[in-house]
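> Pasting entry.json below, which is JSON, C-alpha atoms.
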```json
[["chain", "number", "residue", "atom", "x", "y", "z"],
["Q", 81, "MET", "CA", -98.22, -119.36, -20.83],
["Q", 82, "THR", "CA", -98.30, -122.94, -22.12],
["Q", 83, "THR", "CA", -101.63, -124.46, -23.03],
["Q", 84, "ARG", "CA", -101.85, -128.06, -21.84],
["Q", 85, "THR", "CA", -102.67, -130.71, -24.41],
["Q", 86, "GLU", "CA", -102.81, -133.81, -22.22],
["Q", 87, "LEU", "CA", -103.86, -134.90, -18.75],
["Q", 88, "ARG", "CA", -102.03, -137.26, -16.40],
["Q", 89, "TRP", "CA", -104.07, -140.28, -15.34],
["Q", 90, "GLY", "CA", -103.84, -142.45, -12.24],
["Q", 91, "VAL", "CA", -105.47, -145.84, -11.63],
["Q", 92, "LEU", "CA", -106.89, -146.91, -8.27],
["Q", 93, "GLY", "CA", -106.22, -150.63, -7.98],
["Q", 94, "VAL", "CA", -104.72, -153.45, -9.99],
["Q", 95, "ALA", "CA", -108.01, -155.06, -11.08],
["Q", 96, "LYS", "CA", -108.05, -157.48, -14.00],
["Q", 97, "ILE", "CA", -110.09, -155.01, -16.06],
["Q", 98, "ASN", "CA", -106.92, -152.90, -16.26],
["Q", 99, "ASP", "CA", -105.59, -155.43, -18.78],
["Q", 100, "ARG", "CA", -108.21, -154.14, -21.19],
["Q", 101, "LEU", "CA", -107.96, -150.44, -20.42],
["Q", 102, "LEU", "CA", -104.25, -149.74, -19.93],
["Q", 103, "PRO", "CA", -103.11, -150.78, -23.45],
["Q", 104, "ALA", "CA", -105.41, -148.07, -24.88],
["Q", 105, "PHE", "CA", -103.37, -145.20, -23.43],
["Q", 106, "PRO", "CA", -100.57, -145.26, -26.04],
["Q", 107, "LYS", "CA", -103.26, -144.76, -28.72],
["Q", 108, "THR", "CA", -104.56, -141.56, -27.13],
["Q", 109, "LYS", "CA", -103.61, -137.98, -27.94],
["Q", 110, "HIS", "CA", -104.58, -136.25, -24.72],
["Q", 111, "SER", "CA", -104.30, -138.90, -21.96],
["Q", 112, "ARG", "CA", -101.03, -139.93, -20.34],
["Q", 113, "LEU", "CA", -100.91, -142.93, -18.02],
["Q", 114, "TYR", "CA", -98.89, -141.64, -15.08],
["Q", 115, "GLY", "CA", -99.52, -143.66, -11.92],
["Q", 116, "ILE", "CA", -101.12, -146.75, -10.40],
["Q", 117, "ALA", "CA", -101.96, -147.54, -6.77],
["Q", 118, "SER", "CA", -102.58, -150.71, -4.81],
["Q", 119, "ARG", "CA", -103.06, -151.62, -1.16],
["Q", 120, "THR", "CA", -99.38, -152.57, -1.09],
["Q", 121, "LEU", "CA", -96.46, -150.85, -2.78],
["Q", 122, "GLU", "CA", -95.14, -154.22, -3.96],
["Q", 123, "LYS", "CA", -98.28, -154.92, -5.99],
["Q", 124, "ALA", "CA", -98.38, -151.40, -7.34],
["Q", 125, "ARG", "CA", -94.74, -151.57, -8.45],
["Q", 126, "ALA", "CA", -95.32, -154.92, -10.16],
["Q", 127, "ALA", "CA", -98.31, -153.52, -12.05],
["Q", 128, "ALA", "CA", -96.39, -150.35, -12.95],
["Q", 129, "THR", "CA", -93.44, -152.33, -14.28],
["Q", 130, "LYS", "CA", -95.68, -154.60, -16.34],
["Q", 131, "ALA", "CA", -97.53, -151.68, -17.95],
["Q", 132, "GLY", "CA", -94.66, -149.21, -18.16],
["Q", 133, "ILE", "CA", -96.29, -146.75, -15.74],
["Q", 134, "PRO", "CA", -93.92, -144.14, -14.29],
["Q", 135, "LYS", "CA", -95.20, -144.00, -10.69],
["Q", 136, "ALA", "CA", -96.45, -146.56, -8.17],
["Q", 137, "TYR", "CA", -98.24, -145.83, -4.90],
["Q", 138, "GLY", "CA", -98.68, -148.09, -1.87],
["Q", 139, "SER", "CA", -102.16, -146.74, -1.11],
["Q", 140, "TYR", "CA", -105.08, -145.15, -2.94],
["Q", 141, "GLU", "CA", -104.75, -142.14, -0.65],
["Q", 142, "ALA", "CA", -101.15, -141.57, -1.77],
["Q", 143, "LEU", "CA", -102.17, -141.43, -5.42],
["Q", 144, "LEU", "CA", -105.00, -139.03, -4.69],
["Q", 145, "ALA", "CA", -102.63, -136.79, -2.75],
["Q", 146, "ASP", "CA", -100.23, -136.45, -5.71],
["Q", 147, "PRO", "CA", -100.78, -133.05, -7.35],
["Q", 148, "ASP", "CA", -99.36, -134.39, -10.63],
["Q", 149, "ILE", "CA", -102.43, -136.64, -11.11],
["Q", 150, "ASP", "CA", -105.28, -134.93, -12.99],
["Q", 151, "VAL", "CA", -107.73, -137.80, -13.63],
["Q", 152, "VAL", "CA", -108.42, -140.99, -11.71],
["Q", 153, "TYR", "CA", -109.79, -144.26, -13.08],
["Q", 154, "VAL", "CA", -111.78, -146.26, -10.51],
["Q", 155, "PRO", "CA", -112.00, -149.98, -11.49],
["Q", 156, "LEU", "CA", -112.76, -151.19, -7.96],
["Q", 157, "PRO", "CA", -115.66, -153.52, -7.01],
["Q", 158, "ASN", "CA", -119.13, -152.00, -7.42],
["Q", 159, "THR", "CA", -119.63, -151.34, -3.72],
["Q", 160, "MET", "CA", -116.41, -149.28, -3.55],
["Q", 161, "HIS", "CA", -117.20, -146.90, -6.42],
["Q", 162, "ASP", "CA", -119.09, -144.38, -4.31],
["Q", 163, "GLU", "CA", -116.47, -144.08, -1.57],
["Q", 164, "TRP", "CA", -113.44, -143.68, -3.81],
["Q", 165, "THR", "CA", -115.12, -141.47, -6.39],
["Q", 166, "ARG", "CA", -116.07, -139.11, -3.57],
["Q", 167, "LYS", "CA", -112.52, -139.20, -2.21],
["Q", 168, "ALA", "CA", -111.15, -138.48, -5.68],
["Q", 169, "ALA", "CA", -113.55, -135.56, -6.04],
["Q", 170, "ASP", "CA", -112.50, -134.24, -2.63],
["Q", 171, "ALA", "CA", -108.89, -134.33, -3.88],
["Q", 172, "GLY", "CA", -109.88, -132.27, -6.92],
["Q", 173, "LYS", "CA", -109.40, -135.12, -9.39],
["Q", 174, "HIS", "CA", -111.58, -135.75, -12.41],
["Q", 175, "ILE", "CA", -112.94, -139.30, -12.50],
["Q", 176, "LEU", "CA", -113.65, -142.13, -14.90],
["Q", 177, "CYS", "CA", -115.58, -144.66, -12.81],
["Q", 178, "GLU", "CA", -116.14, -148.20, -14.01],
["Q", 179, "LYS", "CA", -119.78, -149.05, -14.59],
["Q", 180, "PRO", "CA", -122.16, -149.35, -12.84],
["Q", 181, "LEU", "CA", -121.44, -146.01, -11.20],
["Q", 182, "THR", "CA", -123.00, -147.32, -7.96],
["Q", 183, "PRO", "CA", -125.23, -150.32, -7.23],
["Q", 184, "THR", "CA", -128.47, -148.28, -7.04],
["Q", 185, "ALA", "CA", -130.02, -145.21, -8.64],
["Q", 186, "PRO", "CA", -130.37, -143.05, -5.47],
["Q", 187, "THR", "CA", -126.69, -143.43, -4.59],
["Q", 188, "ALA", "CA", -125.70, -142.74, -8.20],
["Q", 189, "ARG", "CA", -127.76, -139.54, -8.24],
["Q", 190, "GLU", "CA", -126.13, -138.40, -5.01],
["Q", 191, "LEU", "CA", -122.67, -139.17, -6.38],
["Q", 192, "VAL", "CA", -123.26, -137.25, -9.61],
["Q", 193, "ASP", "CA", -124.43, -134.25, -7.58],
["Q", 194, "TYR", "CA", -121.45, -134.58, -5.21],
["Q", 195, "CYS", "CA", -118.92, -134.43, -8.06],
["Q", 196, "HIS", "CA", -120.75, -131.53, -9.70],
["Q", 197, "ALA", "CA", -120.69, -129.56, -6.45],
["Q", 198, "ARG", "CA", -116.92, -130.03, -6.24],
["Q", 199, "GLY", "CA", -116.33, -128.88, -9.78],
["Q", 200, "VAL", "CA", -114.82, -132.11, -11.08],
["Q", 201, "THR", "CA", -115.74, -133.96, -14.25],
["Q", 202, "LEU", "CA", -117.27, -137.42, -13.80],
["Q", 203, "MET", "CA", -117.67, -140.00, -16.54],
["Q", 204, "ASP", "CA", -119.53, -143.33, -16.26],
["Q", 205, "GLY", "CA", -117.25, -146.00, -17.75],
["Q", 206, "PHE", "CA", -119.30, -147.26, -20.70],
["Q", 207, "MET", "CA", -117.06, -147.51, -23.76],
["Q", 208, "TRP", "CA", -119.51, -148.03, -26.61],
["Q", 209, "PRO", "CA", -120.92, -144.45, -26.67],
["Q", 210, "HIS", "CA", -117.44, -143.26, -27.67],
["Q", 211, "HIS", "CA", -116.98, -145.47, -30.72],
["Q", 212, "PRO", "CA", -117.35, -143.55, -34.02],
["Q", 213, "ARG", "CA", -119.80, -146.24, -35.17],
["Q", 214, "THR", "CA", -122.18, -145.20, -32.40],
["Q", 215, "ARG", "CA", -122.32, -141.64, -33.71],
["Q", 216, "LEU", "CA", -123.08, -142.90, -37.23],
["Q", 217, "ILE", "CA", -125.93, -145.07, -35.95],
["Q", 218, "ARG", "CA", -127.30, -142.16, -33.92],
["Q", 219, "ALA", "CA", -127.26, -140.00, -37.06],
["Q", 220, "LEU", "CA", -129.22, -142.66, -38.99],
["Q", 221, "ILE", "CA", -131.85, -142.80, -36.27],
["Q", 222, "ASP", "CA", -132.12, -139.03, -35.96],
["Q", 223, "GLU", "CA", -132.44, -138.45, -39.72],
["Q", 224, "GLY", "CA", -135.30, -140.98, -39.90],
["Q", 225, "ALA", "CA", -133.42, -143.53, -42.01],
["Q", 226, "ILE", "CA", -135.49, -146.37, -40.50],
["Q", 227, "GLY", "CA", -138.56, -144.33, -39.64],
["Q", 228, "ARG", "CA", -139.70, -144.00, -36.05],
["Q", 229, "VAL", "CA", -137.97, -146.40, -33.67],
["Q", 230, "ASP", "CA", -140.67, -148.85, -32.63],
["Q", 231, "GLN", "CA", -138.80, -151.71, -30.91],
["Q", 232, "VAL", "CA", -135.30, -152.23, -29.52],
["Q", 233, "ARG", "CA", -133.77, -155.57, -28.54],
["Q", 234, "GLY", "CA", -130.48, -155.90, -26.70],
["Q", 235, "SER", "CA", -128.36, -158.73, -25.33],
["Q", 236, "PHE", "CA", -125.13, -159.25, -23.45],
["Q", 237, "THR", "CA", -124.23, -162.74, -22.28],
["Q", 238, "PHE", "CA", -121.07, -164.75, -21.78],
["Q", 239, "PRO", "CA", -120.27, -168.04, -20.06],
["Q", 240, "LEU", "CA", -118.93, -167.69, -16.52],
["Q", 241, "PRO", "CA", -118.08, -170.55, -14.16],
["Q", 242, "LEU", "CA", -120.36, -170.13, -11.17],
["Q", 243, "ASP", "CA", -117.55, -169.91, -8.64],
["Q", 244, "PRO", "CA", -118.73, -168.09, -5.50],
["Q", 245, "GLY", "CA", -115.22, -166.65, -5.13],
["Q", 246, "ASN", "CA", -115.74, -164.52, -8.24],
["Q", 247, "ILE", "CA", -116.69, -160.95, -7.29],
["Q", 248, "ARG", "CA", -119.30, -160.99, -10.09],
["Q", 249, "LEU", "CA", -121.18, -163.55, -8.00],
["Q", 250, "SER", "CA", -120.81, -161.89, -4.61],
["Q", 251, "PRO", "CA", -124.03, -160.39, -3.18],
["Q", 252, "ASP", "CA", -121.92, -158.36, -0.71],
["Q", 253, "LEU", "CA", -120.10, -156.69, -3.63],
["Q", 254, "ALA", "CA", -123.28, -156.00, -5.67],
["Q", 255, "GLY", "CA", -122.66, -158.86, -8.06],
["Q", 256, "GLY", "CA", -125.02, -160.40, -10.59],
["Q", 257, "SER", "CA", -125.44, -160.33, -14.33],
["Q", 258, "LEU", "CA", -127.89, -157.41, -14.40],
["Q", 259, "LEU", "CA", -125.38, -154.94, -12.95],
["Q", 260, "ASP", "CA", -122.41, -156.53, -14.70],
["Q", 261, "VAL", "CA", -123.67, -156.87, -18.28],
["Q", 262, "GLY", "CA", -127.40, -156.11, -18.24],
["Q", 263, "CYS", "CA", -126.60, -152.44, -17.78],
["Q", 264, "TYR", "CA", -125.31, -152.39, -21.39],
["Q", 265, "PRO", "CA", -128.52, -153.31, -23.23],
["Q", 266, "ILE", "CA", -130.60, -151.24, -20.80],
["Q", 267, "PHE", "CA", -128.51, -148.14, -21.52],
["Q", 268, "GLY", "CA", -128.59, -149.07, -25.22],
["Q", 269, "ILE", "CA", -132.39, -149.36, -25.28],
["Q", 270, "ARG", "CA", -132.77, -145.98, -23.60],
["Q", 271, "TRP", "CA", -130.25, -144.48, -26.04],
["Q", 272, "ALA", "CA", -131.92, -145.92, -29.15],
["Q", 273, "PHE", "CA", -135.42, -144.84, -28.15],
["Q", 274, "GLY", "CA", -134.29, -141.48, -26.82],
["Q", 275, "ALA", "CA", -136.95, -141.95, -24.16],
["Q", 276, "GLU", "CA", -137.30, -143.48, -20.70],
["Q", 277, "PRO", "CA", -139.15, -146.71, -19.79],
["Q", 278, "VAL", "CA", -142.01, -146.27, -17.36],
["Q", 279, "ARG", "CA", -142.73, -149.95, -16.58],
["Q", 280, "VAL", "CA", -140.72, -153.19, -16.66],
["Q", 281, "TYR", "CA", -141.08, -156.92, -16.20],
["Q", 282, "ALA", "CA", -138.25, -159.42, -15.71],
["Q", 283, "THR", "CA", -137.60, -163.06, -14.95],
["Q", 284, "ALA", "CA", -134.31, -164.39, -13.65],
["Q", 285, "LYS", "CA", -132.29, -167.41, -12.56],
["Q", 286, "TYR", "CA", -130.22, -167.12, -9.40],
["Q", 287, "ALA", "CA", -127.09, -168.69, -7.93],
["Q", 288, "HIS", "CA", -125.14, -167.67, -4.82],
["Q", 289, "GLU", "CA", -127.88, -165.09, -4.07],
["Q", 290, "VAL", "CA", -127.32, -163.09, -7.29],
["Q", 291, "ASP", "CA", -128.97, -163.22, -10.68],
["Q", 292, "VAL", "CA", -126.99, -165.20, -13.25],
["Q", 293, "GLN", "CA", -129.50, -164.84, -16.10],
["Q", 294, "MET", "CA", -132.27, -162.35, -16.78],
["Q", 295, "ASN", "CA", -134.83, -161.65, -19.49],
["Q", 296, "GLY", "CA", -137.03, -158.60, -19.48],
["Q", 297, "LEU", "CA", -139.38, -156.14, -21.14],
["Q", 298, "LEU", "CA", -139.38, -152.34, -20.89],
["Q", 299, "TRP", "CA", -142.44, -150.26, -21.83],
["Q", 300, "LEU", "CA", -142.38, -146.61, -22.78],
["Q", 301, "ALA", "CA", -145.27, -144.33, -21.90],
["Q", 302, "ASP", "CA", -146.52, -144.47, -25.50],
["Q", 303, "GLY", "CA", -146.61, -148.29, -25.54],
["Q", 304, "ARG", "CA", -143.39, -148.96, -27.44],
["Q", 305, "VAL", "CA", -141.42, -151.90, -26.08],
["Q", 306, "GLY", "CA", -137.78, -152.77, -25.53],
["Q", 307, "SER", "CA", -136.58, -156.26, -24.65],
["Q", 308, "PHE", "CA", -133.29, -157.62, -23.38],
["Q", 309, "ASP", "CA", -131.49, -160.59, -21.95],
["Q", 310, "CYS", "CA", -128.24, -160.85, -20.05],
["Q", 311, "GLY", "CA", -126.39, -163.46, -18.07],
["Q", 312, "PHE", "CA", -123.54, -165.81, -17.38],
["Q", 313, "LEU", "CA", -125.14, -169.04, -18.66],
["Q", 314, "SER", "CA", -125.08, -168.51, -22.44],
["Q", 315, "PRO", "CA", -122.38, -168.12, -25.10],
["Q", 316, "MET", "CA", -120.94, -164.69, -25.85],
["Q", 317, "ARG", "CA", -123.67, -162.51, -27.37],
["Q", 318, "GLN", "CA", -123.58, -158.72, -27.40],
["Q", 319, "ALA", "CA", -125.96, -157.23, -29.92],
["Q", 320, "LEU", "CA", -128.46, -154.43, -30.38],
["Q", 321, "GLU", "CA", -131.33, -154.48, -32.88],
["Q", 322, "ILE", "CA", -133.15, -151.21, -33.55],
["Q", 323, "VAL", "CA", -136.47, -151.76, -35.34],
["Q", 324, "GLY", "CA", -138.06, -148.77, -37.01],
["Q", 325, "THR", "CA", -141.28, -148.38, -38.96],
["Q", 326, "THR", "CA", -139.43, -148.51, -42.31],
["Q", 327, "GLY", "CA", -136.20, -150.33, -41.54],
["Q", 328, "VAL", "CA", -133.91, -152.07, -39.08],
["Q", 329, "ILE", "CA", -130.38, -151.49, -37.83],
["Q", 330, "HIS", "CA", -128.61, -154.64, -36.64],
["Q", 331, "VAL", "CA", -125.46, -154.09, -34.57],
["Q", 332, "PRO", "CA", -123.46, -157.23, -33.77],
["Q", 333, "GLU", "CA", -120.72, -156.76, -31.18],
["Q", 334, "MET", "CA", -122.44, -153.57, -30.07],
["Q", 335, "TRP", "CA", -120.75, -153.23, -26.70],
["Q", 336, "VAL", "CA", -117.22, -154.51, -27.41],
["Q", 337, "PRO", "CA", -116.61, -154.42, -31.17],
["Q", 338, "GLY", "CA", -113.64, -155.93, -32.91],
["Q", 339, "PRO", "CA", -111.28, -154.10, -35.29],
["Q", 340, "ALA", "CA", -114.03, -153.95, -37.91],
["Q", 341, "ALA", "CA", -117.11, -152.58, -36.14],
["Q", 342, "VAL", "CA", -119.96, -153.78, -38.34],
["Q", 343, "TYR", "CA", -123.56, -152.58, -38.53],
["Q", 344, "ILE", "CA", -126.25, -153.65, -40.98],
["Q", 345, "VAL", "CA", -128.97, -151.36, -42.29],
["Q", 346, "GLU", "CA", -132.11, -152.94, -43.79],
["Q", 347, "ARG", "CA", -134.71, -150.67, -45.38],
["Q", 348, "ASP", "CA", -137.99, -151.50, -47.09],
["Q", 349, "GLY", "CA", -137.46, -152.71, -50.64],
["Q", 350, "LYS", "CA", -133.66, -152.45, -50.54],
["Q", 351, "PRO", "CA", -130.90, -155.04, -50.08],
["Q", 352, "PRO", "CA", -129.22, -155.06, -46.67],
["Q", 353, "GLU", "CA", -126.32, -152.61, -46.41],
["Q", 354, "VAL", "CA", -123.36, -154.02, -44.47],
["Q", 355, "ARG", "CA", -121.26, -151.15, -43.19],
["Q", 356, "SER", "CA", -118.21, -151.05, -40.96],
["Q", 357, "VAL", "CA", -115.99, -148.61, -39.10],
["Q", 358, "GLU", "CA", -112.51, -150.07, -38.99],
["Q", 359, "GLY", "CA", -109.39, -149.45, -36.97],
["Q", 360, "GLU", "CA", -110.98, -147.60, -34.06],
["Q", 361, "ASP", "CA", -110.35, -148.27, -30.36],
["Q", 362, "GLN", "CA", -113.37, -147.22, -28.32],
["Q", 363, "ILE", "CA", -111.40, -147.27, -25.06],
["Q", 364, "SER", "CA", -108.84, -144.75, -26.30],
["Q", 365, "HIS", "CA", -111.72, -142.61, -27.58],
["Q", 366, "MET", "CA", -113.34, -142.77, -24.13],
["Q", 367, "LEU", "CA", -110.13, -141.71, -22.39],
["Q", 368, "ASP", "CA", -109.55, -138.82, -24.75],
["Q", 369, "ASP", "CA", -113.19, -137.73, -24.70],
["Q", 370, "LEU", "CA", -112.87, -137.21, -20.94],
["Q", 371, "SER", "CA", -109.47, -135.52, -21.21],
["Q", 372, "ARG", "CA", -110.65, -133.17, -23.96],
["Q", 373, "ALA", "CA", -113.76, -132.23, -22.01],
["Q", 374, "VAL", "CA", -111.59, -131.20, -19.07],
["Q", 375, "LEU", "CA", -108.97, -129.43, -21.19],
["Q", 376, "GLU", "CA", -111.62, -127.55, -23.17],
["Q", 377, "ARG", "CA", -113.74, -126.86, -20.07],
["Q", 378, "ARG", "CA", -116.90, -128.28, -21.57],
["Q", 379, "ALA", "CA", -119.50, -130.85, -20.56],
["Q", 380, "VAL", "CA", -118.56, -134.48, -20.91],
["Q", 381, "TYR", "CA", -120.55, -136.91, -23.09],
["Q", 382, "PRO", "CA", -122.49, -138.93, -22.16],
["Q", 383, "ASP", "CA", -123.73, -136.73, -19.36],
["Q", 384, "PRO", "CA", -123.17, -138.48, -16.00],
["Q", 385, "SER", "CA", -126.92, -138.17, -15.31],
["Q", 386, "ASN", "CA", -127.29, -141.15, -17.65],
["Q", 387, "ALA", "CA", -125.96, -143.32, -14.83],
["Q", 388, "PRO", "CA", -128.82, -142.82, -12.35],
["Q", 389, "ALA", "CA", -131.31, -142.93, -15.26],
["Q", 390, "THR", "CA", -130.09, -146.38, -16.32],
["Q", 391, "LEU", "CA", -129.88, -147.54, -12.71],
["Q", 392, "ARG", "CA", -133.51, -146.56, -12.07],
["Q", 393, "VAL", "CA", -134.46, -149.10, -14.72],
["Q", 394, "LEU", "CA", -132.04, -151.69, -13.32],
["Q", 395, "ASP", "CA", -133.47, -151.21, -9.83],
["Q", 396, "ALA", "CA", -137.00, -151.78, -11.13],
["Q", 397, "LEU", "CA", -135.93, -154.86, -13.12],
["Q", 398, "ALA", "CA", -134.22, -156.38, -10.09],
["Q", 399, "ARG", "CA", -137.36, -155.88, -7.98],
["Q", 400, "SER", "CA", -139.57, -157.23, -10.75],
["Q", 401, "ALA", "CA", -137.54, -160.42, -11.08],
["Q", 402, "ARG", "CA", -137.50, -160.99, -7.33],
["Q", 403, "GLU", "CA", -141.20, -160.27, -6.82],
["Q", 404, "GLN", "CA", -142.32, -161.83, -10.13],
["Q", 405, "ARG", "CA", -144.55, -158.93, -11.14],
["Q", 406, "GLU", "CA", -144.51, -155.83, -13.32],
["Q", 407, "MET", "CA", -142.87, -152.81, -11.74],
["Q", 408, "ASP", "CA", -143.10, -149.09, -12.36],
["Q", 409, "VAL", "CA", -139.78, -147.36, -12.96]]
```
Transcribe the structure of this file into structure tokens.

Amino acid sequence: MTTRTELRWGVLGVAKINDRLLPAFPKTKHSRLYGIASRTLEKARAAATKAGIPKAYGSYEALLADPDIDVVYVPLPNTMHDEWTRKAADAGKHILCEKPLTPTAPTARELVDYCHARGVTLMDGFMWPHHPRTRLIRALIDEGAIGRVDQVRGSFTFPLPLDPGNIRLSPDLAGGSLLDVGCYPIFGIRWAFGAEPVRVYATAKYAHEVDVQMNGLLWLADGRVGSFDCGFLSPMRQALEIVGTTGVIHVPEMWVPGPAAVYIVERDGKPPEVRSVEGEDQISHMLDDLSRAVLERRAVYPDPSNAPATLRVLDALARSAREQREMDV
């Protein structure tokens, strides 16, 4: 009996985000890019030829019906995640779903439970938890290198032309900066504190019926505070600052680091320590982390329950910004 060492992956759709994910497959050890599907066979074949993918399918259903596919990546618009993740689970496929898992916390919770009941592994498509730098920062926090975490500040912004034809700006497709990039600092704040916010307050600017900029505060039950901003109106910024009682960890390029993933540790009475983790591809780590979890029959990290937990905060922030008042989570 041969023990498998890799899984065959299929991609539902030819979304632009594939340009970032597909090149990571050759760097993996346990994940083989096997097939891609589109609404038309012509588009699927073009995408397969461009990326060197062996098989092309003229429908999502055809890919899901192929017994050679083990894992499915779902990069579809936000409002389609729930439907096609469920269909993939029904077909017995494991799933990497692009973030946010669904547009709201209740639907995300139901989807996590649905996949669990069908015995398939589900991963929420955040890349940064899989970078080796993230594990090193977690170890610093856990060993008390900066004391007790007291404040966390996160940001993710980039300039986006406010073209209503862009799906990021479509209210019907759950667009807006909070779901698109705000989910990163919100997840990061929860991760750094290791605790859940109980109350939030946010302000926002809107265009085309979606938020295009947001600033907000998150309070923990013990009074500690996280803060964030996100949006499409500012230059590229993607940082996390973790402030402890005896030191600070600054992480530039937290969500999408370059080849040298830098982090800076400042502790009382000591010069800043600039550290880096070089030559790592967080996307290939994410792919292999899912494949290894399936091959080794163990739980995936991060646990998919992180998705509804983050979305509960996002839901409260969205309501707070619209109603211009503090909101319980």
> Using only C-alpha atoms, can you tell me which of Q:Leu253, Q:Met160, Q:Val94, Q:Ile363 comes closest to Lys130 (chain Q)?
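Closest candidate: Q:Val94.
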> Between CA of Val229 (chain Q) and CA of Ile217 (chain Q), what is the spacing in Å?
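So the answer is 12.3 Å.
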> From the options Q:Glu178, Q:Asn158, Q:Thr201, Q:Val380, which residue's atoms come nearest to Gly255 (chain Q), counting all atoms listed in the file?
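Of Q:Glu178, Q:Asn158, Q:Thr201, Q:Val380, the one nearest Gly255 (chain Q), counting all atoms listed in the file, is Q:Asn158.
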> Restricting the calculation to all atoms listed in the file: of Q:Leu92, Q:Leu191, Q:Ala142, Q:Ala275, which residue gets closest to Ala127 (chain Q)?
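With all atoms listed in the file as the atom set, the closest residue is Q:Leu92.
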> Pick from Q:Cys263, Q:Leu113, Q:Leu258, Q:Leu202: nearest to Lys285 (chain Q), with only C-alpha atoms counted?
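Nearest to Lys285 (chain Q): Q:Leu258.
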> Will you give me region 226-240 of chain Q, written with C-alpha atoms and laid out as a short mmCIF file (atom, residue, chain, number, x, y, z; two decimals), in the first residue's frame?

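Written out: part_33.cif:
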```
data_model
loop_
_atom_site.label_atom_id
_atom_site.label_comp_id
_atom_site.auth_asym_id
_atom_site.auth_seq_id
_atom_site.Cartn_x
_atom_site.Cartn_y
_atom_site.Cartn_z
CA ILE Q 226 6.94 42.45 25.61
CA GLY Q 227 4.94 41.86 28.77
CA ARG Q 228 1.17 41.69 28.65
CA VAL Q 229 -0.31 42.82 25.35
CA ASP Q 230 -2.08 46.08 26.15
CA GLN Q 231 -2.87 47.64 22.75
CA VAL Q 232 -2.92 46.44 19.14
CA ARG Q 233 -3.10 48.65 16.06
CA GLY Q 234 -3.65 47.33 12.56
CA SER Q 235 -4.03 48.79 9.09
CA PHE Q 236 -4.62 47.65 5.54
CA THR Q 237 -5.20 50.25 2.85
CA PHE Q 238 -4.45 50.62 -0.84
CA PRO Q 239 -5.59 53.04 -3.55
CA LEU Q 240 -8.44 51.77 -5.69
#
```
